[in-house]
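Trainee: Take a look at structure_32.pdb, PDB, C-alpha atoms, pLDDT in the B column:
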MODEL        1
ATOM      1  CA  ASP A1117     -14.285  -3.360  10.601  1.00 58.00           C
ATOM      2  CA  THR A1118     -11.449  -2.272   8.309  1.00 64.00           C
ATOM      3  CA  GLU A1119      -9.560  -5.520   8.394  1.00 91.00           C
ATOM      4  CA  VAL A1120      -7.976  -7.529   5.644  1.00 96.00           C
ATOM      5  CA  THR A1121      -6.687 -10.910   6.788  1.00 97.00           C
ATOM      6  CA  GLN A1122      -4.007 -13.014   5.140  1.00 98.00           C
ATOM      7  CA  THR A1123      -2.911 -16.590   5.693  1.00 97.00           C
ATOM      8  CA  PRO A1124      -0.405 -17.989   6.231  1.00 97.00           C
ATOM      9  CA  LYS A1125       1.752 -15.401   7.961  1.00 96.00           C
ATOM     10  CA  HIS A1126       4.945 -17.182   6.919  1.00 97.00           C
ATOM     11  CA  LEU A1127       5.562 -19.697   4.148  1.00 97.00           C
ATOM     12  CA  VAL A1128       8.707 -21.562   3.165  1.00 96.00           C
ATOM     13  CA  MET A1129       8.532 -23.549  -0.049  1.00 94.00           C
ATOM     14  CA  GLY A1130      10.845 -25.328  -2.415  1.00 91.00           C
ATOM     15  CA  MET A1131      11.071 -24.505  -6.081  1.00 90.00           C
ATOM     16  CA  THR A1132       8.999 -27.542  -7.066  1.00 89.00           C
ATOM     17  CA  ASN A1133       6.209 -27.003  -4.548  1.00 90.00           C
ATOM     18  CA  LYS A1134       2.685 -25.749  -5.132  1.00 95.00           C
ATOM     19  CA  LYS A1135       1.208 -23.542  -2.449  1.00 96.00           C
ATOM     20  CA  SER A1136      -1.488 -20.907  -2.100  1.00 97.00           C
ATOM     21  CA  LEU A1137      -1.838 -17.613  -0.279  1.00 98.00           C
ATOM     22  CA  LYS A1138      -5.233 -16.564   0.976  1.00 98.00           C
ATOM     23  CA  CYS A1139      -6.720 -13.133   1.551  1.00 98.00           C
ATOM     24  CA  GLU A1140     -10.127 -12.266   3.015  1.00 97.00           C
ATOM     25  CA  GLN A1141     -12.070  -9.065   3.676  1.00 96.00           C
ATOM     26  CA  HIS A1142     -15.602  -8.472   4.898  1.00 91.00           C
ATOM     27  CA  MET A1143     -15.864  -4.753   4.247  1.00 92.00           C
ATOM     28  CA  GLY A1144     -17.938  -5.160   1.106  1.00 90.00           C
ATOM     29  CA  HIS A1145     -15.075  -3.890  -1.057  1.00 90.00           C
ATOM     30  CA  ARG A1146     -15.328  -4.974  -4.673  1.00 88.00           C
ATOM     31  CA  ALA A1147     -11.704  -4.324  -5.643  1.00 90.00           C
ATOM     32  CA  MET A1148      -8.913  -6.545  -4.356  1.00 94.00           C
ATOM     33  CA  TYR A1149      -5.206  -6.445  -5.046  1.00 95.00           C
ATOM     34  CA  TRP A1150      -2.034  -8.492  -4.771  1.00 97.00           C
ATOM     35  CA  TYR A1151       1.273  -6.723  -4.221  1.00 97.00           C
ATOM     36  CA  LYS A1152       4.827  -7.958  -3.897  1.00 98.00           C
ATOM     37  CA  GLN A1153       7.190  -6.079  -1.610  1.00 97.00           C
ATOM     38  CA  LYS A1154      10.941  -6.593  -1.434  1.00 96.00           C
ATOM     39  CA  ALA A1155      12.929  -5.357   1.546  1.00 93.00           C
ATOM     40  CA  LYS A1156      13.296  -1.587   1.799  1.00 90.00           C
ATOM     41  CA  LYS A1157      11.155  -1.054  -1.323  1.00 95.00           C
ATOM     42  CA  PRO A1158       7.588   0.132  -1.892  1.00 96.00           C
ATOM     43  CA  PRO A1159       4.936  -2.436  -2.816  1.00 96.00           C
ATOM     44  CA  GLU A1160       4.747  -3.440  -6.477  1.00 96.00           C
ATOM     45  CA  LEU A1161       1.319  -4.105  -7.926  1.00 95.00           C
ATOM     46  CA  MET A1162       0.803  -7.603  -9.328  1.00 97.00           C
ATOM     47  CA  PHE A1163      -2.937  -8.087  -9.909  1.00 96.00           C
ATOM     48  CA  VAL A1164      -6.218  -6.244  -9.456  1.00 93.00           C
ATOM     49  CA  TYR A1165      -9.633  -7.846  -9.314  1.00 93.00           C
ATOM     50  CA  SER A1166     -12.727  -5.720  -9.730  1.00 89.00           C
ATOM     51  CA  TYR A1167     -16.097  -7.323  -9.135  1.00 89.00           C
ATOM     52  CA  GLU A1168     -14.399 -10.743  -9.116  1.00 92.00           C
ATOM     53  CA  LYS A1169     -12.947 -10.216 -12.581  1.00 92.00           C
ATOM     54  CA  LEU A1170      -9.251  -9.794 -13.294  1.00 93.00           C
ATOM     55  CA  SER A1171      -8.832  -6.151 -14.186  1.00 89.00           C
ATOM     56  CA  ILE A1172      -5.075  -5.646 -14.143  1.00 89.00           C
ATOM     57  CA  ASN A1173      -2.187  -8.082 -14.563  1.00 91.00           C
ATOM     58  CA  GLU A1174       1.111  -6.251 -14.351  1.00 92.00           C
ATOM     59  CA  SER A1175       2.928  -8.729 -16.607  1.00 92.00           C
ATOM     60  CA  VAL A1176       3.406 -11.130 -13.731  1.00 96.00           C
ATOM     61  CA  PRO A1177       5.053 -14.506 -14.562  1.00 96.00           C
ATOM     62  CA  SER A1178       2.619 -17.375 -14.974  1.00 95.00           C
ATOM     63  CA  ARG A1179       4.072 -19.167 -11.946  1.00 96.00           C
ATOM     64  CA  PHE A1180       1.805 -16.772 -10.014  1.00 97.00           C
ATOM     65  CA  SER A1181      -1.871 -17.483 -10.608  1.00 97.00           C
ATOM     66  CA  PRO A1182      -4.542 -15.351  -8.943  1.00 98.00           C
ATOM     67  CA  GLU A1183      -8.085 -16.429  -8.230  1.00 97.00           C
ATOM     68  CA  CYS A1184     -11.095 -14.572  -6.850  1.00 96.00           C
ATOM     69  CA  PRO A1185     -13.727 -17.172  -5.859  1.00 95.00           C
ATOM     70  CA  ASN A1186     -16.128 -14.572  -4.443  1.00 93.00           C
ATOM     71  CA  SER A1187     -16.296 -10.938  -3.431  1.00 90.00           C
ATOM     72  CA  SER A1188     -14.616 -11.572  -0.064  1.00 95.00           C
ATOM     73  CA  LEU A1189     -11.826 -13.953  -1.018  1.00 97.00           C
ATOM     74  CA  LEU A1190      -8.665 -13.638  -3.045  1.00 98.00           C
ATOM     75  CA  ASN A1191      -6.121 -16.402  -3.565  1.00 98.00           C
ATOM     76  CA  LEU A1192      -2.668 -16.440  -5.068  1.00 98.00           C
ATOM     77  CA  HIS A1193      -1.541 -19.838  -6.307  1.00 98.00           C
ATOM     78  CA  LEU A1194       2.192 -20.395  -6.443  1.00 97.00           C
ATOM     79  CA  HIS A1195       4.025 -22.998  -8.523  1.00 95.00           C
ATOM     80  CA  ALA A1196       7.639 -23.506  -9.518  1.00 94.00           C
ATOM     81  CA  LEU A1197       8.796 -20.308  -7.875  1.00 94.00           C
ATOM     82  CA  GLN A1198      12.340 -19.006  -7.964  1.00 95.00           C
ATOM     83  CA  PRO A1199      14.434 -17.812  -4.999  1.00 95.00           C
ATOM     84  CA  GLU A1200      14.081 -14.234  -6.253  1.00 96.00           C
ATOM     85  CA  ASP A1201      10.331 -14.525  -5.648  1.00 97.00           C
ATOM     86  CA  SER A1202      11.025 -14.463  -1.909  1.00 97.00           C
ATOM     87  CA  ALA A1203       9.273 -11.361  -0.588  1.00 97.00           C
ATOM     88  CA  LEU A1204       6.395 -10.043   1.495  1.00 97.00           C
ATOM     89  CA  TYR A1205       3.130 -10.569  -0.385  1.00 98.00           C
ATOM     90  CA  LEU A1206       0.464  -8.063   0.494  1.00 98.00           C
ATOM     91  CA  CYS A1207      -3.232  -8.188  -0.211  1.00 98.00           C
ATOM     92  CA  ALA A1208      -5.353  -5.044  -0.255  1.00 96.00           C
ATOM     93  CA  SER A1209      -8.942  -4.085  -0.884  1.00 94.00           C
ATOM     94  CA  SER A1210     -10.651  -0.815  -1.664  1.00 91.00           C
ATOM     95  CA  PRO A1211     -14.110   0.723  -1.777  1.00 86.00           C
ATOM     96  CA  ARG A1212     -15.345   2.752  -4.707  1.00 73.00           C
ATOM     97  CA  GLY A1213     -16.142   6.406  -4.454  1.00 64.00           C
ATOM     98  CA  THR A1214     -17.092   9.268  -6.706  1.00 61.00           C
ATOM     99  CA  THR A1215     -16.592  12.993  -6.826  1.00 59.00           C
ATOM    100  CA  SER A1216     -18.439  15.668  -8.702  1.00 57.00           C
ATOM    101  CA  GLY A1217     -15.676  15.392 -11.283  1.00 61.00           C
ATOM    102  CA  GLY A1218     -16.623  11.773 -11.864  1.00 62.00           C
ATOM    103  CA  TYR A1219     -13.345  10.273 -10.690  1.00 57.00           C
ATOM    104  CA  MET A1220     -13.298   7.118  -8.662  1.00 71.00           C
ATOM    105  CA  ILE A1221     -11.185   7.332  -5.554  1.00 69.00           C
ATOM    106  CA  TYR A1222      -9.593   4.219  -4.237  1.00 74.00           C
ATOM    107  CA  GLU A1223      -8.129   4.224  -0.758  1.00 88.00           C
ATOM    108  CA  GLN A1224      -6.624   0.851  -0.214  1.00 93.00           C
ATOM    109  CA  TYR A1225      -6.645  -1.190   2.969  1.00 94.00           C
ATOM    110  CA  PHE A1226      -3.789  -3.632   3.333  1.00 96.00           C
ATOM    111  CA  GLY A1227      -3.510  -6.951   5.084  1.00 97.00           C
ATOM    112  CA  PRO A1228      -0.537  -7.897   7.284  1.00 96.00           C
ATOM    113  CA  GLY A1229       1.156  -9.830   4.496  1.00 97.00           C
ATOM    114  CA  THR A1230       2.607 -13.287   3.960  1.00 97.00           C
ATOM    115  CA  ARG A1231       6.380 -13.573   4.248  1.00 97.00           C
ATOM    116  CA  LEU A1232       7.368 -16.024   1.505  1.00 97.00           C
ATOM    117  CA  THR A1233      10.759 -17.710   1.357  1.00 97.00           C
ATOM    118  CA  VAL A1234      11.619 -19.852  -1.667  1.00 96.00           C
ATOM    119  CA  THR A1235      14.469 -22.298  -1.100  1.00 94.00           C
TER
ATOM    120  CA  ALA B 253       1.873  10.466 -15.999  1.00 76.00           C
ATOM    121  CA  GLN B 254       2.040  10.637 -12.260  1.00 82.00           C
ATOM    122  CA  SER B 255       5.016  10.341  -9.968  1.00 89.00           C
ATOM    123  CA  VAL B 256       5.892  10.735  -6.320  1.00 94.00           C
ATOM    124  CA  THR B 257       9.174  11.835  -4.773  1.00 96.00           C
ATOM    125  CA  GLN B 258       9.939  11.389  -1.104  1.00 97.00           C
ATOM    126  CA  LEU B 259      12.923  13.460  -0.087  1.00 93.00           C
ATOM    127  CA  GLY B 260      15.116  11.704   2.442  1.00 92.00           C
ATOM    128  CA  SER B 261      15.157   7.942   2.613  1.00 95.00           C
ATOM    129  CA  HIS B 262      16.071   8.195   6.308  1.00 97.00           C
ATOM    130  CA  VAL B 263      14.952  10.819   8.804  1.00 97.00           C
ATOM    131  CA  SER B 264      15.990  10.923  12.466  1.00 98.00           C
ATOM    132  CA  VAL B 265      14.278  13.047  15.100  1.00 97.00           C
ATOM    133  CA  SER B 266      14.489  13.226  18.866  1.00 98.00           C
ATOM    134  CA  GLU B 267      11.551  12.084  20.923  1.00 97.00           C
ATOM    135  CA  GLY B 268       9.232  15.063  21.393  1.00 97.00           C
ATOM    136  CA  ALA B 269      10.558  16.900  18.335  1.00 98.00           C
ATOM    137  CA  LEU B 270       8.636  17.844  15.211  1.00 98.00           C
ATOM    138  CA  VAL B 271       8.332  15.176  12.537  1.00 98.00           C
ATOM    139  CA  LEU B 272       8.397  16.381   8.921  1.00 98.00           C
ATOM    140  CA  LEU B 273       8.370  13.871   6.074  1.00 98.00           C
ATOM    141  CA  ARG B 274       8.405  15.324   2.591  1.00 98.00           C
ATOM    142  CA  CYS B 275       6.384  14.225  -0.415  1.00 97.00           C
ATOM    143  CA  ASN B 276       6.206  15.937  -3.794  1.00 96.00           C
ATOM    144  CA  TYR B 277       4.085  14.698  -6.627  1.00 94.00           C
ATOM    145  CA  SER B 278       3.512  15.352 -10.292  1.00 90.00           C
ATOM    146  CA  SER B 279       0.146  14.780 -11.851  1.00 82.00           C
ATOM    147  CA  SER B 280      -1.636  15.826 -15.010  1.00 76.00           C
ATOM    148  CA  VAL B 281      -5.027  15.376 -13.353  1.00 76.00           C
ATOM    149  CA  PRO B 282      -6.296  16.232  -9.875  1.00 77.00           C
ATOM    150  CA  PRO B 283      -4.375  13.920  -7.589  1.00 85.00           C
ATOM    151  CA  TYR B 284      -5.646  11.860  -4.723  1.00 89.00           C
ATOM    152  CA  LEU B 285      -2.898  11.561  -2.144  1.00 93.00           C
ATOM    153  CA  PHE B 286      -2.254   9.178   0.704  1.00 95.00           C
ATOM    154  CA  TRP B 287       0.244   8.539   3.466  1.00 97.00           C
ATOM    155  CA  TYR B 288       0.777   5.014   4.735  1.00 98.00           C
ATOM    156  CA  VAL B 289       2.880   3.705   7.610  1.00 98.00           C
ATOM    157  CA  GLN B 290       4.503   0.296   7.709  1.00 97.00           C
ATOM    158  CA  TYR B 291       5.935  -1.249  10.860  1.00 95.00           C
ATOM    159  CA  PRO B 292       8.485  -4.060  10.506  1.00 90.00           C
ATOM    160  CA  ASN B 293       7.032  -7.251   9.036  1.00 86.00           C
ATOM    161  CA  GLN B 294       3.560  -5.756   8.817  1.00 91.00           C
ATOM    162  CA  GLY B 295       1.266  -4.461   6.110  1.00 94.00           C
ATOM    163  CA  LEU B 296       0.645  -0.829   5.243  1.00 96.00           C
ATOM    164  CA  GLN B 297      -1.727   1.166   7.422  1.00 96.00           C
ATOM    165  CA  LEU B 298      -3.552   4.188   6.031  1.00 95.00           C
ATOM    166  CA  LEU B 299      -2.555   7.298   7.998  1.00 97.00           C
ATOM    167  CA  LEU B 300      -4.513   9.882   6.071  1.00 95.00           C
ATOM    168  CA  LYS B 301      -5.827  10.795   2.653  1.00 93.00           C
ATOM    169  CA  TYR B 302      -6.505  13.873   0.565  1.00 92.00           C
ATOM    170  CA  THR B 303      -9.278  13.701  -2.003  1.00 85.00           C
ATOM    171  CA  THR B 304     -11.020  17.062  -2.327  1.00 80.00           C
ATOM    172  CA  GLY B 305     -12.014  19.881  -0.007  1.00 83.00           C
ATOM    173  CA  ALA B 306      -9.977  20.960   2.981  1.00 86.00           C
ATOM    174  CA  THR B 307      -6.277  21.018   2.177  1.00 90.00           C
ATOM    175  CA  LEU B 308      -5.174  20.336   5.758  1.00 95.00           C
ATOM    176  CA  VAL B 309      -5.901  16.704   6.456  1.00 95.00           C
ATOM    177  CA  LYS B 310      -5.788  15.127   9.880  1.00 96.00           C
ATOM    178  CA  GLY B 311      -5.022  11.469  10.280  1.00 96.00           C
ATOM    179  CA  ILE B 312      -4.504   8.882  12.935  1.00 95.00           C
ATOM    180  CA  ASN B 313      -1.835   8.917  15.658  1.00 94.00           C
ATOM    181  CA  GLY B 314      -1.597  12.727  15.640  1.00 97.00           C
ATOM    182  CA  PHE B 315      -0.326  13.023  12.057  1.00 98.00           C
ATOM    183  CA  GLU B 316      -1.510  15.599   9.568  1.00 97.00           C
ATOM    184  CA  ALA B 317      -0.615  16.649   6.045  1.00 97.00           C
ATOM    185  CA  GLU B 318      -1.249  19.707   3.950  1.00 95.00           C
ATOM    186  CA  PHE B 319      -1.993  19.599   0.241  1.00 94.00           C
ATOM    187  CA  LYS B 320      -0.269  22.520  -1.490  1.00 94.00           C
ATOM    188  CA  LYS B 321      -1.139  22.577  -5.151  1.00 91.00           C
ATOM    189  CA  SER B 322       1.171  25.479  -5.948  1.00 92.00           C
ATOM    190  CA  GLU B 323       4.129  23.549  -4.520  1.00 93.00           C
ATOM    191  CA  THR B 324       2.872  20.100  -5.634  1.00 93.00           C
ATOM    192  CA  SER B 325       3.551  18.899  -2.119  1.00 95.00           C
ATOM    193  CA  PHE B 326       1.830  16.784   0.504  1.00 96.00           C
ATOM    194  CA  HIS B 327       4.206  16.782   3.463  1.00 98.00           C
ATOM    195  CA  LEU B 328       3.430  14.758   6.579  1.00 98.00           C
ATOM    196  CA  THR B 329       3.898  16.315  10.007  1.00 98.00           C
ATOM    197  CA  LYS B 330       3.472  15.485  13.659  1.00 98.00           C
ATOM    198  CA  PRO B 331       4.165  18.065  16.372  1.00 97.00           C
ATOM    199  CA  SER B 332       5.817  15.696  18.830  1.00 97.00           C
ATOM    200  CA  ALA B 333       7.504  12.427  17.902  1.00 98.00           C
ATOM    201  CA  HIS B 334       6.975   9.328  19.977  1.00 97.00           C
ATOM    202  CA  MET B 335       9.164   6.241  20.032  1.00 97.00           C
ATOM    203  CA  SER B 336       6.273   4.247  18.586  1.00 96.00           C
ATOM    204  CA  ASP B 337       6.352   6.415  15.430  1.00 97.00           C
ATOM    205  CA  ALA B 338       9.533   4.698  14.258  1.00 97.00           C
ATOM    206  CA  ALA B 339       8.533   2.990  11.005  1.00 97.00           C
ATOM    207  CA  GLU B 340       8.624   3.257   7.214  1.00 98.00           C
ATOM    208  CA  TYR B 341       6.348   5.871   5.699  1.00 98.00           C
ATOM    209  CA  PHE B 342       5.077   5.811   2.118  1.00 98.00           C
ATOM    210  CA  CYS B 343       3.417   8.600   0.186  1.00 97.00           C
ATOM    211  CA  ALA B 344       1.164   7.493  -2.690  1.00 95.00           C
ATOM    212  CA  VAL B 345      -0.828   9.157  -5.447  1.00 91.00           C
ATOM    213  CA  THR B 346      -3.571   7.966  -7.741  1.00 86.00           C
ATOM    214  CA  PRO B 347      -5.550   9.775 -10.433  1.00 78.00           C
ATOM    215  CA  GLY B 348      -8.593   7.926  -9.139  1.00 75.00           C
ATOM    216  CA  THR B 349      -7.890   4.541 -10.648  1.00 78.00           C
ATOM    217  CA  TYR B 350      -6.833   1.232  -9.191  1.00 82.00           C
ATOM    218  CA  LYS B 351      -3.160   2.008  -9.616  1.00 85.00           C
ATOM    219  CA  TYR B 352      -1.210   3.662  -6.869  1.00 90.00           C
ATOM    220  CA  ILE B 353       2.112   5.317  -7.510  1.00 92.00           C
ATOM    221  CA  PHE B 354       4.168   4.887  -4.352  1.00 95.00           C
ATOM    222  CA  GLY B 355       7.123   6.924  -3.278  1.00 96.00           C
ATOM    223  CA  THR B 356      10.294   5.095  -2.363  1.00 96.00           C
ATOM    224  CA  GLY B 357       9.596   5.451   1.340  1.00 97.00           C
ATOM    225  CA  THR B 358      11.142   7.275   4.285  1.00 98.00           C
ATOM    226  CA  ARG B 359      12.384   5.399   7.324  1.00 97.00           C
ATOM    227  CA  LEU B 360      11.745   7.414  10.457  1.00 98.00           C
ATOM    228  CA  LYS B 361      14.004   6.854  13.423  1.00 97.00           C
ATOM    229  CA  VAL B 362      13.093   8.358  16.800  1.00 98.00           C
ATOM    230  CA  LEU B 363      15.952   8.965  19.193  1.00 97.00           C
ATOM    231  CA  ALA B 364      15.456   8.777  22.957  1.00 94.00           C
TER
ENDMDL
END
Please rewrite the model in this file as structure tokens.
Mentor:
Amino acid sequence: DTEVTQTPKHLVMGMTNKKSLKCEQHMGHRAMYWYKQKAKKPPELMFVYSYEKLSINESVPSRFSPECPNSSLLNLHLHALQPEDSALYLCASSPRGTTSGGYMIYEQYFGPGTRLTVT
Amino acid sequence: AQSVTQLGSHVSVSEGALVLLRCNYSSSVPPYLFWYVQYPNQGLQLLLKYTTGATLVKGINGFEAEFKKSETSFHLTKPSAHMSDAAEYFCAVTPGTYKYIFGTGTRLKVLA
């Protein structure tokens, strides 16, 4: 099963609301990611969790707050968002691998995304 | 530093014709290369990957790509386009870390 699930599929929220996005995978992957994707653009990395610890924060505004409660779940808490935060939010997960050269190879598996509209 | 260039933001082919989507990369370390497809309002689906070994990589839906180190290229091909291939295609590279460098994407249109 190479499936990453995301809920909700669509979300409309006002600028004063608090909401959360949820991501789940049961592939045993220990790295999970949040991306933001604007129309006609590639995904932009926001956060990476490795072994349930925040590994990378790409200078994301504090109105986005990630959480990794366990190895299968990833949340993104949203508060006081701006209209320009409207986008497709993608979750991904990846397994770890090694080569004889010692590099770790990370193929990422993406969920279907949450379409967020901030009004 | 690594980078990815996808030549042609839009490509149109006739149904049944060859599909060729271009990807060139730059990397100071051995690259790991990927092609993803994205259908409207969906996530990215892994088409194929190159890590080490055979330079001709076969993926899903009849796609394949060839890693050419001398040309720093990883072009995606499919012998015969189908209407269902219409989508956005992204090439990505990583040095083996969590960070992907994505290309800007190529929108493939298939004409009946």
Trainee: Please report as JSON, numbers by chain which residues of chain A come no farther than 7 Å from chain B, using all atoms listed in the file.
Mentor: {"A": [1157, 1158, 1206, 1219, 1220, 1221, 1222, 1225, 1226, 1227, 1228, 1229]}
Trainee: Which residues are near A:Met1131? Cut-off 12 Å, only C-alpha atoms, ignore same chain within fewer than 4 positions. Put them as an MDAnalysis selection string.
Mentor: chainID A and resid 1135 1179 1194:1202 1232:1235
Trainee: Could you dump the residues just selected with C-alpha atoms as a PDB file, in the frame of the given file?
Mentor:
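Result file is again-v5.pdb:
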ATOM      1  CA  LYS A1135       1.208 -23.542  -2.449  1.00 96.00           C
ATOM      2  CA  ARG A1179       4.072 -19.167 -11.946  1.00 96.00           C
ATOM      3  CA  LEU A1194       2.192 -20.395  -6.443  1.00 97.00           C
ATOM      4  CA  HIS A1195       4.025 -22.998  -8.523  1.00 95.00           C
ATOM      5  CA  ALA A1196       7.639 -23.506  -9.518  1.00 94.00           C
ATOM      6  CA  LEU A1197       8.796 -20.308  -7.875  1.00 94.00           C
ATOM      7  CA  GLN A1198      12.340 -19.006  -7.964  1.00 95.00           C
ATOM      8  CA  PRO A1199      14.434 -17.812  -4.999  1.00 95.00           C
ATOM      9  CA  GLU A1200      14.081 -14.234  -6.253  1.00 96.00           C
ATOM     10  CA  ASP A1201      10.331 -14.525  -5.648  1.00 97.00           C
ATOM     11  CA  SER A1202      11.025 -14.463  -1.909  1.00 97.00           C
ATOM     12  CA  LEU A1232       7.368 -16.024   1.505  1.00 97.00           C
ATOM     13  CA  THR A1233      10.759 -17.710   1.357  1.00 97.00           C
ATOM     14  CA  VAL A1234      11.619 -19.852  -1.667  1.00 96.00           C
ATOM     15  CA  THR A1235      14.469 -22.298  -1.100  1.00 94.00           C
TER      16      THR A1235
END
Trainee: State, in Å with one decimal place, the distance from atom CA of A:Glu1160 to atom CA of B:Val256.
Mentor: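 Straight-line distance from atom CA of A:Glu1160 to atom CA of B:Val256 works out to 14.2 Å.
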Trainee: Hey, can you check how far atom CA of B:Leu272 sits from atom CA of A:Tyr1205?
Mentor: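 About the pair atom CA of B:Leu272 and atom CA of A:Tyr1205: they are 29.0 Å apart.
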Trainee: Quick check, in Å to one decimal: how far apart do atom CA of A:Arg1146 and atom CA of A:Ile1172 lie?
Mentor: 14.0 Å
Trainee: Take the PyMOL selection byres ((chain B and resi 317) around 9), run it mentally on this structure, and tell me the resulting residues as a ChimeraX atom specification.
Mentor: /B:287,300-302,307-311,315-316,318-319,326-330
Trainee: Taking only C-alpha atoms into account, name the residue in A:Gly1130, A:Leu1204, A:Ser1171, A:Cys1139 that is nearest to A:Pro1185.
Mentor: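 Smallest separation from A:Pro1185 among the options: A:Cys1139.
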Trainee: With the PyMOL selection byres ((chain B and resi 269) around 7) as the selection, what would be picked from this file? Answer as a list in words, please.
Mentor: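 For this structure, the PyMOL selection byres ((chain B and resi 269) around 7) resolves to Val265, Ser266, Glu267, Gly268, Leu270, Val271, Pro331, Ser332 and Ala333 of chain B.
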Trainee: Which residue is closest to A:Glu1140? Choose from A:Gln1153, A:Ser1166, A:Ser1181, A:Ser1209 and count all atoms listed in the file.
Mentor: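 When distances to A:Glu1140 are compared using all atoms listed in the file, the smallest one comes from A:Ser1209.
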Trainee: Can you work out which one of B:Thr257, B:Pro292, B:His262, B:Asn313 has the shortest atom-to-atom distance to B:Cys275, counting only C-alpha atoms?
Mentor: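 Ranking B:Thr257, B:Pro292, B:His262, B:Asn313 by distance to B:Cys275, first place goes to B:Thr257.
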Trainee: Can you list what the PyMOL selection byres ((chain A and resi 1142) around 8) grabs from this structure, as a PyMOL selection string?
Mentor: chain A and resi 1117+1119-1120+1140-1141+1143-1145+1188
Trainee: Select, from B:Gly314, B:Val281, B:Ser325, B:Leu363, the residue with the minimum atom-to-atom distance to B:Ala338, counting only C-alpha atoms.
Mentor: B:Leu363
Trainee: Kindly provide, as lines of an AutoDock Vina configuration file, the centre and edge lengths (Å, one decimal) of an axis-aligned box around all atoms of stretch 1126-1133 of chain A given in the file, with 3 Å on each side.
Mentor:
center_x = 8.0
center_y = -22.4
center_z = -0.1
size_x = 12.1
size_y = 16.4
size_z = 20.0
Trainee: Could you check which of A:Ala1208, A:Leu1161, A:Ala1147, A:Ala1203 is closest to A:Arg1231, using only C-alpha atoms?
Mentor: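 Among the listed residues, the smallest separation from A:Arg1231 belongs to A:Ala1203.
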